[in-house]
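Worksheet for the structure shown next.
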Amino acid sequence: MIAKGIPNFPHITALCGCSMTGKSVPPLFVLPCIAELPRELKVFQREKHCWFTSTPKGWVNRSVFLLYCIFFIEWLNFERQRMPEDIRDKPTLIVCDGHSSRENPLALFLLASANIKLIVLPAHTTHILQVFDVGIAKRLKSKFTDYLRDYIKAPKQEFNSNAAMMRYAIIYSFISAWQESVSLRTVQNAAAACGLCPCSVEALKHNKYVRELTPAEKELQEKRNYRNRNRFNINGEELTTMCCKQKFIKSDTSEKLKY
C-alpha cells in the first residue's frame, strides 16, 4: 500500500479479491515483523472486516498464500450457503497473477478439495487481463489516500503512540476504500474489458496494449521459450489440476517450496 506524500508510511501488503457479483472478499493484511496483533487492530478482525498475518518485511510468501487460501475457503463456504441451490456446489474459479507464492502444493490441494480452481494469468498481462488492475486499482488508491489523509488530520479516537494511530488509520482507510471501490458495475465493466466475462477475444484485440508480434519479436520469443524449456513455469496454468500438482512435486523447484 502506498500513500503519496504521507511521511513515515510503513510497508503493509494486502491480498484482495472480489467476485463477479461485486462482492468483496475480506483482505488479508501482511504486517511487517510483529509477534502479536496490535491491540488497536483487533477490532477489525473481531468484526470480520479483514484478516491479519505477519512476515519479517511485510511481503507475501508461500506461507502467507497458504493462510489466505485457508481463510478464503472458510469465507467461501459461508457464502455458498447463501447462494441459490442450483449454483451452490458449482466450482469456483480464482484468477490471479503469477507471484511465486502461488507455488504452494498444500494450498493448491486445499483449494482443489474445496472445489476451487486457480488459474494464473500469463506473465506481464495483469494490466490487460486482471479485473483489479483494469478496473479497481486506480479508484482504490485514490480513495485510500483520501481516507488516510482525512483520518490523520482528525483521528476519531485516542492512541498510545503515533505508530498505533498510523497502523489503525492505514487499515481503516484501506478497508473503507476497498469496500467503496468494489461494486457489481465496476467489476462487470472491468471483466468485460478484460475479455473474461463474457469471454471475448475481440475485446482483447481492441485493447491499446495488445498487438501482433513482429517476426523479429516472434523469433526472440521462440528462443526465450527454448532456453526456458526445462524451467517450471506457472504462468498461464490452471494450477489446481492433478497434473499440475504432480509437476510441483516432481519438478526441480520442489526444494524451493519449503516454508
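Labels for the C-alpha cells follow display order: chains A, B, ..., residues from 1 in each chain, ligands from 1.
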Using only C-alpha atoms, I'd like a table of the residues in stretch 155-197 of chain A that come within 6 Å of stretch 10-30 of chain A; for each, show the closest atom pair and its distance in Å rounded to one decimal, ordered by chain and ascending number, as a Markdown table.
```
| residue | atom | partner | partner_atom | distance |
| --- | --- | --- | --- | --- |
| A:Val182 | CA | A:Gly22 | CA | 6.0 |
| A:Ser183 | CA | A:Gly22 | CA | 4.4 |
| A:Leu184 | CA | A:Gly22 | CA | 3.8 |
| A:Val187 | CA | A:Gly22 | CA | 5.8 |
```
Among the residues of stretch 56-221 of chain A, find those DSSP assigns to alpha helix (DSSP H) from the backbone and print them as an mmCIF file with C-alpha atoms, in the first residue's frame.
```cif
data_model
loop_
_atom_site.group_PDB
_atom_site.id
_atom_site.type_symbol
_atom_site.label_atom_id
_atom_site.label_comp_id
_atom_site.auth_asym_id
_atom_site.auth_seq_id
_atom_site.Cartn_x
_atom_site.Cartn_y
_atom_site.Cartn_z
ATOM 1 C CA ARG A 62 4.143 -19.149 0.196
ATOM 2 C CA SER A 63 3.083 -19.471 3.831
ATOM 3 C CA VAL A 64 1.013 -16.299 3.546
ATOM 4 C CA PHE A 65 -0.657 -17.598 0.393
ATOM 5 C CA LEU A 66 -1.482 -20.853 2.175
ATOM 6 C CA LEU A 67 -3.034 -18.902 5.035
ATOM 7 C CA TYR A 68 -5.030 -16.773 2.606
ATOM 8 C CA CYS A 69 -6.371 -19.906 0.912
ATOM 9 C CA ILE A 70 -7.499 -21.297 4.270
ATOM 10 C CA PHE A 71 -9.264 -18.032 5.132
ATOM 11 C CA PHE A 72 -10.770 -17.812 1.641
ATOM 12 C CA ILE A 73 -12.136 -21.354 1.771
ATOM 13 C CA GLU A 74 -13.790 -20.640 5.121
ATOM 14 C CA TRP A 75 -15.270 -17.400 3.763
ATOM 15 C CA LEU A 76 -16.483 -19.092 0.567
ATOM 16 C CA ASN A 77 -18.112 -21.980 2.446
ATOM 17 C CA PHE A 78 -20.174 -19.435 4.370
ATOM 18 C CA GLU A 79 -21.048 -17.553 1.182
ATOM 19 C CA ARG A 80 -22.077 -20.755 -0.593
ATOM 20 C CA GLU A 85 -29.099 -24.252 -4.565
ATOM 21 C CA ASP A 86 -28.587 -24.649 -8.320
ATOM 22 C CA ILE A 87 -25.187 -22.904 -8.198
ATOM 23 C CA ARG A 88 -24.129 -23.518 -4.595
ATOM 24 C CA PRO A 105 1.314 -27.612 -3.191
ATOM 25 C CA LEU A 106 -0.619 -27.711 0.089
ATOM 26 C CA ALA A 107 -2.540 -24.537 -0.749
ATOM 27 C CA LEU A 108 -3.410 -25.927 -4.182
ATOM 28 C CA PHE A 109 -4.514 -29.223 -2.662
ATOM 29 C CA LEU A 110 -6.814 -27.426 -0.214
ATOM 30 C CA LEU A 111 -8.300 -25.313 -2.993
ATOM 31 C CA ALA A 112 -8.933 -28.361 -5.163
ATOM 32 C CA SER A 113 -10.503 -30.189 -2.211
ATOM 33 C CA THR A 126 -2.343 -8.120 -15.430
ATOM 34 C CA HIS A 127 -2.792 -4.612 -16.897
ATOM 35 C CA ILE A 128 -4.803 -6.302 -19.655
ATOM 36 C CA LEU A 129 -6.389 -9.384 -18.076
ATOM 37 C CA VAL A 131 -10.024 -7.199 -13.129
ATOM 38 C CA ALA A 137 -6.774 -0.312 -8.568
ATOM 39 C CA LYS A 138 -6.817 3.338 -9.647
ATOM 40 C CA ARG A 139 -10.028 4.120 -7.783
ATOM 41 C CA LEU A 140 -8.843 2.185 -4.721
ATOM 42 C CA LYS A 141 -5.536 4.062 -4.490
ATOM 43 C CA SER A 142 -7.262 7.427 -4.779
ATOM 44 C CA LYS A 143 -9.888 6.669 -2.151
ATOM 45 C CA PHE A 144 -7.343 5.088 0.183
ATOM 46 C CA THR A 145 -5.145 8.175 0.107
ATOM 47 C CA ASP A 146 -8.143 10.449 0.710
ATOM 48 C CA TYR A 147 -9.373 8.395 3.669
ATOM 49 C CA LEU A 148 -5.896 8.213 5.168
ATOM 50 C CA ARG A 149 -5.215 11.935 4.895
ATOM 51 C CA ASP A 150 -8.571 12.770 6.480
ATOM 52 C CA TYR A 151 -8.050 10.342 9.358
ATOM 53 C CA ILE A 152 -4.527 11.549 10.142
ATOM 54 C CA LYS A 153 -5.785 15.135 10.244
ATOM 55 C CA ASN A 162 1.811 7.665 16.705
ATOM 56 C CA ALA A 163 2.723 4.228 15.346
ATOM 57 C CA ALA A 164 -0.511 2.767 16.728
ATOM 58 C CA MET A 165 -2.516 5.625 15.230
ATOM 59 C CA MET A 166 -0.836 5.159 11.853
ATOM 60 C CA ARG A 167 -1.488 1.395 11.832
ATOM 61 C CA TYR A 168 -5.150 1.916 12.678
ATOM 62 C CA ALA A 169 -5.512 4.703 10.124
ATOM 63 C CA ILE A 170 -3.995 2.579 7.358
ATOM 64 C CA ILE A 171 -6.201 -0.449 7.977
ATOM 65 C CA TYR A 172 -9.343 1.635 8.498
ATOM 66 C CA SER A 173 -8.665 3.652 5.346
ATOM 67 C CA PHE A 174 -7.906 0.636 3.183
ATOM 68 C CA ILE A 175 -10.972 -1.317 4.287
ATOM 69 C CA SER A 176 -13.203 1.713 3.709
ATOM 70 C CA ALA A 177 -11.671 2.395 0.297
ATOM 71 C CA TRP A 178 -11.796 -1.278 -0.700
ATOM 72 C CA GLN A 179 -15.489 -1.629 0.150
ATOM 73 C CA GLU A 180 -16.305 1.510 -1.845
ATOM 74 C CA SER A 181 -14.168 0.545 -4.829
ATOM 75 C CA LEU A 184 -21.233 -5.015 -9.349
ATOM 76 C CA ARG A 185 -20.969 -2.368 -12.049
ATOM 77 C CA THR A 186 -17.232 -1.780 -11.530
ATOM 78 C CA VAL A 187 -16.379 -5.481 -11.573
ATOM 79 C CA GLN A 188 -18.545 -6.327 -14.575
ATOM 80 C CA ASN A 189 -17.191 -3.415 -16.622
ATOM 81 C CA ALA A 190 -13.609 -4.434 -15.820
ATOM 82 C CA ALA A 191 -14.295 -8.099 -16.576
ATOM 83 C CA ALA A 192 -15.817 -7.184 -19.931
ATOM 84 C CA ALA A 193 -12.789 -5.026 -20.773
ATOM 85 C CA CYS A 194 -10.518 -7.961 -19.852
ATOM 86 C CA VAL A 201 -11.065 -12.488 -27.690
ATOM 87 C CA GLU A 202 -12.288 -9.492 -29.670
ATOM 88 C CA ALA A 203 -12.362 -7.345 -26.533
ATOM 89 C CA LEU A 204 -8.670 -8.058 -26.041
ATOM 90 C CA LYS A 205 -7.811 -7.346 -29.668
ATOM 91 C CA PRO A 215 8.639 -11.514 -36.971
ATOM 92 C CA ALA A 216 11.719 -10.432 -35.015
ATOM 93 C CA GLU A 217 9.758 -10.468 -31.739
ATOM 94 C CA LYS A 218 8.349 -13.911 -32.517
ATOM 95 C CA GLU A 219 11.839 -15.248 -33.153
ATOM 96 C CA LEU A 220 13.084 -13.726 -29.905
ATOM 97 C CA GLN A 221 10.157 -15.263 -28.008
#
```
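Closest approach to A:Arg39 among A:Tyr209, A:Phe9, A:Trp51, A:Phe159: A:Phe159, based on only C-alpha atoms.
Among the candidate residues A:Glu103, A:Glu222, A:Glu158, A:Asn115, the one lying nearest to A:Ile234 is A:Glu103, with distances computed using only C-alpha atoms.
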| What lies within 9 Å of A:Leu121 using only C-alpha atoms, ignoring chain neighbours under 5 positions off, as a list in words? | Val95, Cys96, Asp97, Gly98, Thr126, Leu129, Gln130, Ile234, Asn235, Gly236 and Glu237 of chain A
| task | Could you check how far atom CA of A:Lys57 sits from atom CA of A:Leu31, in Å to one decimal? | result |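 Interatomic distance here is 7.7 Å.
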| strand (DSSP E) residues, from DSSP on the backbone, in stretch 84-149 of chain A, as number ranges by chain | A: 92-96, 116-120
| field | Two-atom distance - atom CA of A:Asn104, atom CA of A:Ile119 (Å) | value | 13.7 Å
| field | Distance in Å - atom CA of A:Glu40 versus atom CA of A:Pro155 | value |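 Computed distance, atom CA of A:Glu40 to atom CA of A:Pro155, equals 12.9 Å.
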